file data02.pdb (PDB, C-alpha atoms)
ATOM      1  CA  MET P   1      39.181   8.028 -30.936
ATOM      2  CA  TYR P   2      35.866   9.850 -31.673
ATOM      3  CA  SER P   3      35.054  11.736 -34.877
ATOM      4  CA  GLY P   4      31.795  13.666 -34.937
ATOM      5  CA  GLN P   5      29.616  11.182 -33.071
ATOM      6  CA  ARG P   6      26.558  11.760 -30.910
ATOM      7  CA  ILE P   7      27.484  12.374 -27.281
ATOM      8  CA  ALA P   8      25.336   9.541 -25.870
ATOM      9  CA  LYS P   9      26.945   7.033 -28.237
ATOM     10  CA  VAL P  10      30.427   8.202 -27.235
ATOM     11  CA  ILE P  11      29.587   7.774 -23.550
ATOM     12  CA  ALA P  12      28.183   4.291 -24.188
ATOM     13  CA  ARG P  13      31.276   3.307 -26.168
ATOM     14  CA  SER P  14      33.483   4.338 -23.252
ATOM     15  CA  GLY P  15      31.765   1.677 -21.139
ATOM     16  CA  VAL P  16      30.296   4.078 -18.594
ATOM     17  CA  CYS P  17      26.675   3.114 -19.230
ATOM     18  CA  SER P  18      24.161   2.338 -21.960
ATOM     19  CA  ARG P  19      23.133   4.958 -24.515
ATOM     20  CA  ARG P  20      19.703   5.264 -22.944
ATOM     21  CA  GLU P  21      21.247   5.820 -19.504
ATOM     22  CA  ALA P  22      23.640   8.383 -21.020
ATOM     23  CA  GLU P  23      20.681  10.301 -22.426
ATOM     24  CA  ARG P  24      19.026  10.253 -18.998
ATOM     25  CA  LEU P  25      22.198  11.569 -17.338
ATOM     26  CA  ILE P  26      22.393  14.356 -19.916
ATOM     27  CA  GLU P  27      18.810  15.393 -19.187
ATOM     28  CA  GLN P  28      19.680  15.444 -15.471
ATOM     29  CA  GLY P  29      22.575  17.821 -16.119
ATOM     30  CA  SER P  30      25.209  15.251 -15.142
ATOM     31  CA  VAL P  31      27.265  15.527 -18.342
ATOM     32  CA  GLU P  32      29.788  18.229 -19.242
ATOM     33  CA  VAL P  33      31.521  18.903 -22.543
ATOM     34  CA  ASN P  34      34.538  21.196 -22.298
ATOM     35  CA  SER P  35      33.475  22.271 -18.779
ATOM     36  CA  GLU P  36      29.944  23.230 -19.871
ATOM     37  CA  VAL P  37      26.905  21.289 -18.699
ATOM     38  CA  ILE P  38      24.809  20.099 -21.629
ATOM     39  CA  GLN P  39      21.041  19.559 -21.548
ATOM     40  CA  SER P  40      20.396  17.770 -24.830
ATOM     41  CA  PRO P  41      21.816  14.552 -26.341
ATOM     42  CA  ALA P  42      21.523  16.171 -29.791
ATOM     43  CA  LEU P  43      25.195  17.063 -29.803
ATOM     44  CA  ASN P  44      28.101  15.686 -31.812
ATOM     45  CA  VAL P  45      31.543  15.558 -30.225
ATOM     46  CA  THR P  46      35.019  14.828 -31.529
ATOM     47  CA  ASP P  47      38.207  13.451 -30.026
ATOM     48  CA  GLN P  48      39.202  17.031 -29.176
ATOM     49  CA  ASP P  49      36.342  17.424 -26.688
ATOM     50  CA  ILE P  50      36.721  16.717 -22.970
ATOM     51  CA  ILE P  51      33.675  14.862 -21.669
ATOM     52  CA  LYS P  52      32.794  14.404 -18.020
ATOM     53  CA  VAL P  53      30.030  12.173 -16.675
ATOM     54  CA  GLN P  54      29.072  12.878 -13.062
ATOM     55  CA  GLY P  55      32.301  14.804 -12.643
ATOM     56  CA  LYS P  56      34.644  12.166 -14.061
ATOM     57  CA  ILE P  57      36.411  12.391 -17.417
ATOM     58  CA  ILE P  58      35.497   9.425 -19.597
ATOM     59  CA  SER P  59      38.233   7.393 -21.219
ATOM     60  CA  ALA P  60      38.723   6.714 -24.897
ATOM     61  CA  ALA P  61      36.682   3.917 -26.392
ATOM     62  CA  GLU P  62      38.275   0.521 -25.838
ATOM     63  CA  PRO P  63      37.845  -2.536 -28.057
ATOM     64  CA  ILE P  64      34.421  -4.040 -27.441
ATOM     65  CA  ARG P  65      34.622  -7.185 -25.337
ATOM     66  CA  LEU P  66      32.098  -9.781 -24.196
ATOM     67  CA  TRP P  67      32.104 -12.340 -21.387
ATOM     68  CA  LEU P  68      29.974 -15.360 -20.470
ATOM     69  CA  PHE P  69      29.080 -15.558 -16.785
ATOM     70  CA  TYR P  70      27.182 -18.246 -14.880
ATOM     71  CA  LYS P  71      24.954 -16.252 -12.562
ATOM     72  CA  PRO P  72      24.132 -18.304  -9.478
ATOM     73  CA  THR P  73      20.818 -18.026  -7.642
ATOM     74  CA  GLY P  74      20.586 -15.639  -4.710
ATOM     75  CA  VAL P  75      22.366 -12.663  -6.295
ATOM     76  CA  ILE P  76      20.745  -9.777  -8.141
ATOM     77  CA  THR P  77      21.708  -8.290 -11.488
ATOM     78  CA  SER P  78      22.289  -4.759 -10.284
ATOM     79  CA  THR P  79      25.192  -2.500  -9.357
ATOM     80  CA  ARG P  80      23.699  -1.890  -5.910
ATOM     81  CA  ASP P  81      20.720  -2.977  -3.839
ATOM     82  CA  SER P  82      18.757  -0.950  -1.293
ATOM     83  CA  GLN P  83      18.007  -4.144   0.668
ATOM     84  CA  GLY P  84      21.660  -5.050   1.001
ATOM     85  CA  ARG P  85      21.465  -8.209  -1.086
ATOM     86  CA  GLN P  86      24.585  -9.425  -2.851
ATOM     87  CA  THR P  87      24.932  -8.299  -6.458
ATOM     88  CA  VAL P  88      26.444  -9.932  -9.513
ATOM     89  CA  PHE P  89      29.087  -7.240  -9.718
ATOM     90  CA  GLU P  90      30.284  -7.929  -6.174
ATOM     91  CA  ILE P  91      31.202 -11.510  -7.001
ATOM     92  CA  LEU P  92      32.905 -10.919 -10.354
ATOM     93  CA  PRO P  93      36.697 -11.363 -10.546
ATOM     94  CA  LYS P  94      38.568  -8.180  -9.689
ATOM     95  CA  SER P  95      40.601  -8.617 -12.880
ATOM     96  CA  LEU P  96      37.589  -7.701 -15.043
ATOM     97  CA  PRO P  97      37.283  -4.109 -16.300
ATOM     98  CA  ARG P  98      34.094  -2.175 -15.667
ATOM     99  CA  VAL P  99      31.299  -4.190 -17.272
ATOM    100  CA  ILE P 100      27.535  -4.023 -17.611
ATOM    101  CA  SER P 101      25.090  -6.866 -18.090
ATOM    102  CA  VAL P 102      23.150  -7.643 -21.230
ATOM    103  CA  GLY P 103      19.682  -7.740 -19.740
ATOM    104  CA  ARG P 104      19.025  -9.310 -16.356
ATOM    105  CA  LEU P 105      18.260 -12.517 -14.537
ATOM    106  CA  ASP P 106      16.117 -12.206 -11.418
ATOM    107  CA  LEU P 107      17.209 -13.158  -7.903
ATOM    108  CA  ASN P 108      16.080 -16.785  -8.073
ATOM    109  CA  SER P 109      17.105 -17.436 -11.682
ATOM    110  CA  GLU P 110      20.482 -18.786 -12.740
ATOM    111  CA  GLY P 111      22.526 -19.481 -15.820
ATOM    112  CA  LEU P 112      24.040 -17.510 -18.658
ATOM    113  CA  LEU P 113      24.449 -13.786 -18.183
ATOM    114  CA  LEU P 114      26.389 -11.876 -20.825
ATOM    115  CA  LEU P 115      28.683  -9.078 -19.676
ATOM    116  CA  THR P 116      30.261  -6.403 -21.854
ATOM    117  CA  ASN P 117      32.285  -3.197 -21.613
ATOM    118  CA  SER P 118      30.059  -1.593 -24.272
ATOM    119  CA  GLY P 119      26.769   0.067 -23.420
ATOM    120  CA  GLU P 120      25.917   0.166 -27.117
ATOM    121  CA  LEU P 121      26.346  -3.583 -27.554
ATOM    122  CA  ALA P 122      24.294  -4.309 -24.432
ATOM    123  CA  ARG P 123      21.475  -2.102 -25.663
ATOM    124  CA  GLU P 124      21.387  -3.610 -29.157
ATOM    125  CA  MET P 125      21.394  -7.169 -27.829
ATOM    126  CA  GLU P 126      18.504  -6.409 -25.490
ATOM    127  CA  LEU P 127      16.231  -4.917 -28.166
ATOM    128  CA  PRO P 128      13.424  -7.252 -29.321
ATOM    129  CA  SER P 129      14.004  -5.884 -32.839
ATOM    130  CA  SER P 130      17.433  -7.556 -32.831
ATOM    131  CA  ASN P 131      15.522 -10.861 -32.708
ATOM    132  CA  LEU P 132      18.056 -12.693 -30.531
ATOM    133  CA  ASP P 133      16.701 -15.864 -28.942
ATOM    134  CA  ARG P 134      17.111 -16.615 -25.246
ATOM    135  CA  LYS P 135      16.783 -20.279 -24.292
ATOM    136  CA  TYR P 136      15.911 -21.549 -20.814
ATOM    137  CA  ARG P 137      15.418 -24.864 -19.040
ATOM    138  CA  CYS P 138      12.581 -24.635 -16.546
ATOM    139  CA  ARG P 139      11.195 -26.886 -13.856
ATOM    140  CA  VAL P 140       7.490 -26.240 -13.525
ATOM    141  CA  HIS P 141       5.288 -27.532 -10.726
ATOM    142  CA  GLY P 142       2.296 -29.057 -12.464
ATOM    143  CA  ARG P 143       1.362 -30.249 -15.919
ATOM    144  CA  VAL P 144       2.082 -28.279 -19.073
ATOM    145  CA  THR P 145      -0.645 -28.897 -21.657
ATOM    146  CA  ASP P 146      -0.696 -28.631 -25.445
ATOM    147  CA  GLU P 147      -3.344 -25.917 -25.128
ATOM    148  CA  MET P 148      -1.024 -23.848 -22.969
ATOM    149  CA  ILE P 149       1.882 -24.381 -25.364
ATOM    150  CA  ASN P 150      -0.221 -23.211 -28.322
ATOM    151  CA  LYS P 151      -1.424 -20.101 -26.480
ATOM    152  CA  LEU P 152       2.096 -19.129 -25.464
ATOM    153  CA  LYS P 153       3.293 -19.591 -29.028
ATOM    154  CA  SER P 154       0.604 -17.187 -30.227
ATOM    155  CA  GLY P 155       1.384 -14.649 -27.497
ATOM    156  CA  ILE P 156      -0.722 -13.714 -24.479
ATOM    157  CA  THR P 157      -1.635 -10.634 -22.440
ATOM    158  CA  VAL P 158      -1.161 -10.772 -18.658
ATOM    159  CA  GLU P 159      -2.377  -7.886 -16.485
ATOM    160  CA  GLY P 160      -2.259  -5.517 -19.428
ATOM    161  CA  ILE P 161       1.221  -6.546 -20.589
ATOM    162  CA  ARG P 162       1.482  -8.152 -24.009
ATOM    163  CA  TYR P 163       3.989 -10.983 -24.320
ATOM    164  CA  GLY P 164       5.056 -12.089 -27.779
ATOM    165  CA  SER P 165       5.544 -15.630 -28.996
ATOM    166  CA  ILE P 166       7.094 -17.992 -26.428
ATOM    167  CA  LYS P 167       8.079 -21.442 -27.659
ATOM    168  CA  VAL P 168       7.749 -24.249 -25.104
ATOM    169  CA  THR P 169       8.856 -27.868 -25.503
ATOM    170  CA  ILE P 170       8.234 -30.564 -22.896
ATOM    171  CA  ASP P 171      11.459 -32.396 -22.020
ATOM    172  CA  ARG P 172      10.390 -34.785 -19.258
ATOM    173  CA  ILE P 173       7.918 -35.257 -16.429
ATOM    174  CA  VAL P 174       9.185 -36.116 -12.958
ATOM    175  CA  SER P 175       6.507 -36.780 -10.359
ATOM    176  CA  THR P 176       4.436 -33.573 -10.114
ATOM    177  CA  ASN P 177       7.014 -31.489 -12.003
ATOM    178  CA  THR P 178       7.503 -30.872 -15.718
ATOM    179  CA  TRP P 179      10.865 -29.912 -17.209
ATOM    180  CA  VAL P 180      10.484 -27.725 -20.302
ATOM    181  CA  THR P 181      12.675 -25.801 -22.727
ATOM    182  CA  VAL P 182      11.534 -22.234 -23.324
ATOM    183  CA  ILE P 183      12.700 -19.962 -26.166
ATOM    184  CA  LEU P 184      11.808 -16.267 -26.404
ATOM    185  CA  ASN P 185      13.367 -13.090 -27.768
ATOM    186  CA  GLU P 186      11.682 -10.261 -25.851
ATOM    187  CA  GLY P 187      13.099 -10.770 -22.372
ATOM    188  CA  LYS P 188      10.563  -8.675 -20.453
ATOM    189  CA  ASN P 189      10.824  -8.546 -16.669
ATOM    190  CA  ARG P 190      10.002 -11.970 -15.148
ATOM    191  CA  GLU P 191       8.412 -12.950 -18.458
ATOM    192  CA  ILE P 192       8.575 -16.714 -18.028
ATOM    193  CA  ARG P 193       7.418 -16.760 -14.408
ATOM    194  CA  ARG P 194       4.508 -14.407 -15.078
ATOM    195  CA  THR P 195       3.257 -16.181 -18.184
ATOM    196  CA  PHE P 196       3.365 -19.571 -16.483
ATOM    197  CA  GLU P 197       1.594 -18.140 -13.420
ATOM    198  CA  TYR P 198      -1.171 -17.072 -15.813
ATOM    199  CA  PHE P 199      -1.868 -20.796 -16.209
ATOM    200  CA  ASP P 200      -1.590 -21.401 -12.433
ATOM    201  CA  LEU P 201       1.822 -23.034 -12.773
ATOM    202  CA  LYS P 202       4.833 -22.132 -10.648
ATOM    203  CA  VAL P 203       8.365 -22.113 -12.056
ATOM    204  CA  SER P 204      10.532 -23.647  -9.313
ATOM    205  CA  ARG P 205      13.826 -23.546 -11.198
ATOM    206  CA  LEU P 206      14.857 -21.346 -14.129
ATOM    207  CA  ILE P 207      18.176 -21.705 -15.934
ATOM    208  CA  ARG P 208      19.183 -19.654 -18.964
ATOM    209  CA  VAL P 209      21.232 -21.965 -21.165
ATOM    210  CA  SER P 210      21.888 -19.702 -24.142
ATOM    211  CA  TYR P 211      21.574 -16.154 -25.459
ATOM    212  CA  HIS P 212      21.716 -15.966 -29.247
ATOM    213  CA  GLU P 213      24.712 -18.109 -30.291
ATOM    214  CA  PHE P 214      26.371 -17.945 -26.885
ATOM    215  CA  GLU P 215      25.879 -20.989 -24.656
ATOM    216  CA  LEU P 216      26.281 -21.717 -20.955
ATOM    217  CA  GLY P 217      28.060 -24.953 -21.836
ATOM    218  CA  ASP P 218      30.291 -26.319 -19.074
ATOM    219  CA  LEU P 219      30.547 -23.092 -17.080
ATOM    220  CA  ASN P 220      30.216 -23.529 -13.321
ATOM    221  CA  PRO P 221      28.269 -21.139 -11.067
ATOM    222  CA  SER P 222      30.120 -17.790 -10.682
ATOM    223  CA  GLU P 223      32.608 -18.714 -13.440
ATOM    224  CA  VAL P 224      33.488 -16.171 -16.144
ATOM    225  CA  ARG P 225      34.843 -16.833 -19.644
ATOM    226  CA  GLU P 226      35.700 -14.235 -22.292
ATOM    227  CA  VAL P 227      34.307 -14.604 -25.810
ATOM    228  CA  PRO P 228      37.071 -14.658 -28.464
ATOM    229  CA  GLY P 229      37.525 -11.389 -30.356
ATOM    230  CA  GLY P 230      36.620 -12.946 -33.695
ATOM    231  CA  ARG P 231      33.184 -13.968 -32.447
ATOM    232  CA  VAL P 232      32.624 -10.499 -30.983
ATOM    233  CA  LYS P 233      33.492  -8.856 -34.328
ATOM    234  CA  LYS P 234      31.039 -11.183 -36.076
ATOM    235  CA  LEU P 235      28.327 -10.157 -33.591
ATOM    236  CA  LEU P 236      29.074  -6.450 -34.052
ATOM    237  CA  LYS P 237      28.769  -6.827 -37.807
ATOM    238  CA  GLN P 238      25.458  -8.648 -37.414
ATOM    239  CA  LEU P 239      24.094  -5.851 -35.196
ATOM    240  CA  ASN P 240      25.581  -3.131 -37.429
ATOM    241  CA  ILE P 241      27.770  -1.716 -34.662
ATOM    242  CA  LYS P 242      30.959   0.007 -35.741
ATOM    243  CA  GLU P 243      33.974  -0.074 -33.446
ATOM    244  CA  ASP P 244      35.582   3.112 -34.760
TER     245      ASP P 244
END

call {"tool": "encode", "arguments": {"input": "data02.pdb", "output": "structure tokens"}}
result
Amino acid sequence: MYSGQRIAKVIARSGVCSRREAERLIEQGSVEVNSEVIQSPALNVTDQDIIKVQGKIISAAEPIRLWLFYKPTGVITSTRDSQGRQTVFEILPKSLPRVISVGRLDLNSEGLLLLTNSGELAREMELPSSNLDRKYRCRVHGRVTDEMINKLKSGITVEGIRYGSIKVTIDRIVSTNTWVTVILNEGKNREIRRTFEYFDLKVSRLIRVSYHEFELGDLNPSEVREVPGGRVKKLLKQLNIKED
């Protein structure tokens, strides 16, 4: 099980939440170790310690697993929604264990969403420093120019937010729409829509087709497929994540 690891990492490995979320819960006083509420994540725990998060004892770390999911449009990537909209987690097969998403896709976006039982893996895959490409196919209303493509490649600032290099390739033009392939590795909130709006272009369809080496392939909307264990181990090694 655990052997002298930081408490937030242990919580993330149990699949309860990400390491960052674990640290937030600790600061809120929602984590107990051996029946004592802790206030700081600067604590190492062992397999002899009993850890509770929001009153529930966490389980031992399970093998890290990863799934491919085709997120359809009209559902949000959240565990709950104050407006009562349907969430991704409400439409997942009941046979899946507790999972969290690697990043998000907004309400009107579709395509590949990675799911995992490891908060640590999700966090590492989301970090821009991990340099993992996300590829999208986009239908844009209007014309995409070479000038726009060059500016996006160099990075732009929109309403005070700096967006790094975004690679855009024109695939085809259909009437007043342009289909493009977009590759980025930051994944900021609504990054593609906001950067295209900067050039007065509206993205009318947005499909994520790959995340790093993992591809949407022939998945159908709402379909889930588990990634083989060998590929997951290769990914963990690449991101320097230890399973034990």

call {"tool": "residues_around", "arguments": {"input": "data02.pdb", "residues": "segment 159-176 of chain P", "least_positions_apart": "5", "cutoff": "8 Å", "atoms": "all atoms listed in the file", "output": "PyMOL selection string"}}
result
chain P and resi 141-144+149+152-154+181-184+186+188+191

call {"tool": "residues_around", "arguments": {"input": "data02.pdb", "residues": "segment 63-70 of chain P", "least_positions_apart": "4", "cutoff": "10 Å", "atoms": "all atoms listed in the file", "output": "ChimeraX atom specification"}}
result
/P:13-15,88,92,96-97,99-102,110-122,207-211,214-229,231-233,236,242-244

call {"tool": "write_last_selection", "arguments": {"input": "data02.pdb", "atoms": "C-alpha atoms", "output": "CSV table (one decimal), in the frame of the given file"}}
result
chain,number,residue,atom,x,y,z
P,13,ARG,CA,31.3,3.3,-26.2
P,14,SER,CA,33.5,4.3,-23.3
P,15,GLY,CA,31.8,1.7,-21.1
P,88,VAL,CA,26.4,-9.9,-9.5
P,92,LEU,CA,32.9,-10.9,-10.4
P,96,LEU,CA,37.6,-7.7,-15.0
P,97,PRO,CA,37.3,-4.1,-16.3
P,99,VAL,CA,31.3,-4.2,-17.3
P,100,ILE,CA,27.5,-4.0,-17.6
P,101,SER,CA,25.1,-6.9,-18.1
P,102,VAL,CA,23.2,-7.6,-21.2
P,110,GLU,CA,20.5,-18.8,-12.7
P,111,GLY,CA,22.5,-19.5,-15.8
P,112,LEU,CA,24.0,-17.5,-18.7
P,113,LEU,CA,24.4,-13.8,-18.2
P,114,LEU,CA,26.4,-11.9,-20.8
P,115,LEU,CA,28.7,-9.1,-19.7
P,116,THR,CA,30.3,-6.4,-21.9
P,117,ASN,CA,32.3,-3.2,-21.6
P,118,SER,CA,30.1,-1.6,-24.3
P,119,GLY,CA,26.8,0.1,-23.4
P,120,GLU,CA,25.9,0.2,-27.1
P,121,LEU,CA,26.3,-3.6,-27.6
P,122,ALA,CA,24.3,-4.3,-24.4
P,207,ILE,CA,18.2,-21.7,-15.9
P,208,ARG,CA,19.2,-19.7,-19.0
P,209,VAL,CA,21.2,-22.0,-21.2
P,210,SER,CA,21.9,-19.7,-24.1
P,211,TYR,CA,21.6,-16.2,-25.5
P,214,PHE,CA,26.4,-17.9,-26.9
P,215,GLU,CA,25.9,-21.0,-24.7
P,216,LEU,CA,26.3,-21.7,-21.0
P,217,GLY,CA,28.1,-25.0,-21.8
P,218,ASP,CA,30.3,-26.3,-19.1
P,219,LEU,CA,30.5,-23.1,-17.1
P,220,ASN,CA,30.2,-23.5,-13.3
P,221,PRO,CA,28.3,-21.1,-11.1
P,222,SER,CA,30.1,-17.8,-10.7
P,223,GLU,CA,32.6,-18.7,-13.4
P,224,VAL,CA,33.5,-16.2,-16.1
P,225,ARG,CA,34.8,-16.8,-19.6
P,226,GLU,CA,35.7,-14.2,-22.3
P,227,VAL,CA,34.3,-14.6,-25.8
P,228,PRO,CA,37.1,-14.7,-28.5
P,229,GLY,CA,37.5,-11.4,-30.4
P,231,ARG,CA,33.2,-14.0,-32.4
P,232,VAL,CA,32.6,-10.5,-31.0
P,233,LYS,CA,33.5,-8.9,-34.3
P,236,LEU,CA,29.1,-6.4,-34.1
P,242,LYS,CA,31.0,0.0,-35.7
P,243,GLU,CA,34.0,-0.1,-33.4
P,244,ASP,CA,35.6,3.1,-34.8

call {"tool": "atom_distance", "arguments": {"input": "data02.pdb", "atom1": "atom CA of Asn150 of chain P", "atom2": "atom CA of Asn108 of chain P"}}
result
26.8 Å

call {"tool": "resolve_selection", "arguments": {"input": "data02.pdb", "expression": "the PyMOL selection byres ((chain P and resi 109) around 10)", "output": "number ranges by chain"}}
result
P: 71-76, 104-108, 110-112, 138, 190, 203-208

call {"tool": "atom_distance", "arguments": {"input": "data02.pdb", "atom1": "atom CA of Thr79 of chain P", "atom2": "atom CA of Arg134 of chain P"}}
result
22.7 Å

call {"tool": "atom_distance", "arguments": {"input": "data02.pdb", "atom1": "atom CA of His212 of chain P", "atom2": "atom CA of Asp133 of chain P"}}
result
5.0 Å

call {"tool": "resolve_selection", "arguments": {"input": "data02.pdb", "expression": "the PyMOL selection byres ((chain P and resi 198) around 12)", "output": "VMD selection string"}}
result
chain P and resid 148 151 to 152 156 to 159 161 163 191 to 197 199 to 203

call {"tool": "resolve_selection", "arguments": {"input": "data02.pdb", "expression": "the PyMOL selection byres ((chain P and resi 49-61) around 7)", "output": "tab-separated table (two decimals) with C-alpha atoms, keeping the file's coordinate frame"}}
result
chain	number	residue	atom	x	y	z
P	1	MET	CA	39.18	8.03	-30.94
P	13	ARG	CA	31.28	3.31	-26.17
P	14	SER	CA	33.48	4.34	-23.25
P	30	SER	CA	25.21	15.25	-15.14
P	31	VAL	CA	27.26	15.53	-18.34
P	32	GLU	CA	29.79	18.23	-19.24
P	33	VAL	CA	31.52	18.90	-22.54
P	34	ASN	CA	34.54	21.20	-22.30
P	45	VAL	CA	31.54	15.56	-30.22
P	46	THR	CA	35.02	14.83	-31.53
P	47	ASP	CA	38.21	13.45	-30.03
P	48	GLN	CA	39.20	17.03	-29.18
P	62	GLU	CA	38.28	0.52	-25.84
P	63	PRO	CA	37.84	-2.54	-28.06

call {"tool": "closest_residue", "arguments": {"input": "data02.pdb", "among": "P:Asn189, P:Ser95, P:Gln86, P:Asn131", "to": "Glu213 of chain P", "atoms": "all atoms listed in the file"}}
result
P:Asn131

call {"tool": "residues_near_point", "arguments": {"input": "data02.pdb", "point": "(20.6, 18.8, -19.0)", "cutoff": "10 Å", "atoms": "all atoms listed in the file", "output": "number ranges by chain"}}
result
P: 23-32, 37-41

call {"tool": "closest_residue", "arguments": {"input": "data02.pdb", "among": "P:Gly84, P:Gly4, P:Pro93, P:Gly103", "to": "Gly187 of chain P", "atoms": "only C-alpha atoms"}}
result
P:Gly103

call {"tool": "axis_aligned_box", "arguments": {"input": "data02.pdb", "around": "segment 62-65 of chain P", "padding_each_side": "8 Å", "output": "lines of an AutoDock Vina configuration file"}}
result
center_x = 36.3
center_y = -3.3
center_z = -26.7
size_x = 19.9
size_y = 23.7
size_z = 18.7

call {"tool": "decode", "arguments": {"input": "data02.pdb", "residues": "segment 4-20 of chain P", "atoms": "N, CA, C and O atoms", "output": "compact mmCIF listing (two decimals), in the first residue's frame"}}
result
# COMPACT_ATOMS: atom_id res chain seq x y z
N GLY P 4 5.30 6.07 3.47
CA GLY P 4 5.89 7.38 3.64
C GLY P 4 5.69 8.32 2.48
O GLY P 4 6.63 8.92 2.00
N GLN P 5 4.44 8.46 2.02
CA GLN P 5 4.15 9.37 0.92
C GLN P 5 3.34 10.56 1.41
O GLN P 5 2.63 10.47 2.41
N ARG P 6 3.42 11.66 0.67
CA ARG P 6 2.65 12.85 1.03
C ARG P 6 1.16 12.53 0.99
O ARG P 6 0.68 11.86 0.08
N ILE P 7 0.43 13.09 1.94
CA ILE P 7 -0.98 12.79 2.12
C ILE P 7 -1.80 13.11 0.86
O ILE P 7 -2.67 12.32 0.47
N ALA P 8 -1.54 14.24 0.22
CA ALA P 8 -2.32 14.61 -0.97
C ALA P 8 -2.11 13.60 -2.10
O ALA P 8 -3.04 13.28 -2.84
N LYS P 9 -0.88 13.10 -2.25
CA LYS P 9 -0.60 12.12 -3.28
C LYS P 9 -1.33 10.82 -2.99
O LYS P 9 -1.87 10.17 -3.90
N VAL P 10 -1.36 10.41 -1.72
CA VAL P 10 -2.05 9.19 -1.33
C VAL P 10 -3.55 9.30 -1.64
O VAL P 10 -4.16 8.36 -2.17
N ILE P 11 -4.13 10.44 -1.34
CA ILE P 11 -5.55 10.64 -1.62
C ILE P 11 -5.81 10.58 -3.12
O ILE P 11 -6.77 9.95 -3.58
N ALA P 12 -4.94 11.24 -3.90
CA ALA P 12 -5.10 11.21 -5.36
C ALA P 12 -4.98 9.80 -5.91
O ALA P 12 -5.74 9.39 -6.79
N ARG P 13 -4.03 9.03 -5.37
CA ARG P 13 -3.83 7.66 -5.84
C ARG P 13 -5.02 6.75 -5.52
O ARG P 13 -5.25 5.76 -6.19
N SER P 14 -5.78 7.11 -4.50
CA SER P 14 -6.95 6.31 -4.14
C SER P 14 -8.11 6.54 -5.09
O SER P 14 -9.11 5.83 -5.05
N GLY P 15 -7.98 7.58 -5.94
CA GLY P 15 -9.03 7.88 -6.91
C GLY P 15 -10.11 8.82 -6.42
O GLY P 15 -11.07 9.08 -7.13
N VAL P 16 -9.94 9.36 -5.22
CA VAL P 16 -10.96 10.24 -4.66
C VAL P 16 -11.03 11.56 -5.42
O VAL P 16 -12.11 12.07 -5.74
N CYS P 17 -9.88 12.13 -5.73
CA CYS P 17 -9.82 13.42 -6.41
C CYS P 17 -8.39 13.67 -6.87
O CYS P 17 -7.51 12.83 -6.64
N SER P 18 -8.15 14.81 -7.49
CA SER P 18 -6.80 15.16 -7.91
C SER P 18 -5.98 15.60 -6.70
O SER P 18 -6.52 15.88 -5.62
N ARG P 19 -4.67 15.69 -6.87
CA ARG P 19 -3.81 16.13 -5.78
C ARG P 19 -4.12 17.57 -5.38
O ARG P 19 -4.17 17.90 -4.20
N ARG P 20 -4.38 18.41 -6.36
CA ARG P 20 -4.70 19.80 -6.06
C ARG P 20 -6.00 19.89 -5.25
O ARG P 20 -6.09 20.64 -4.28
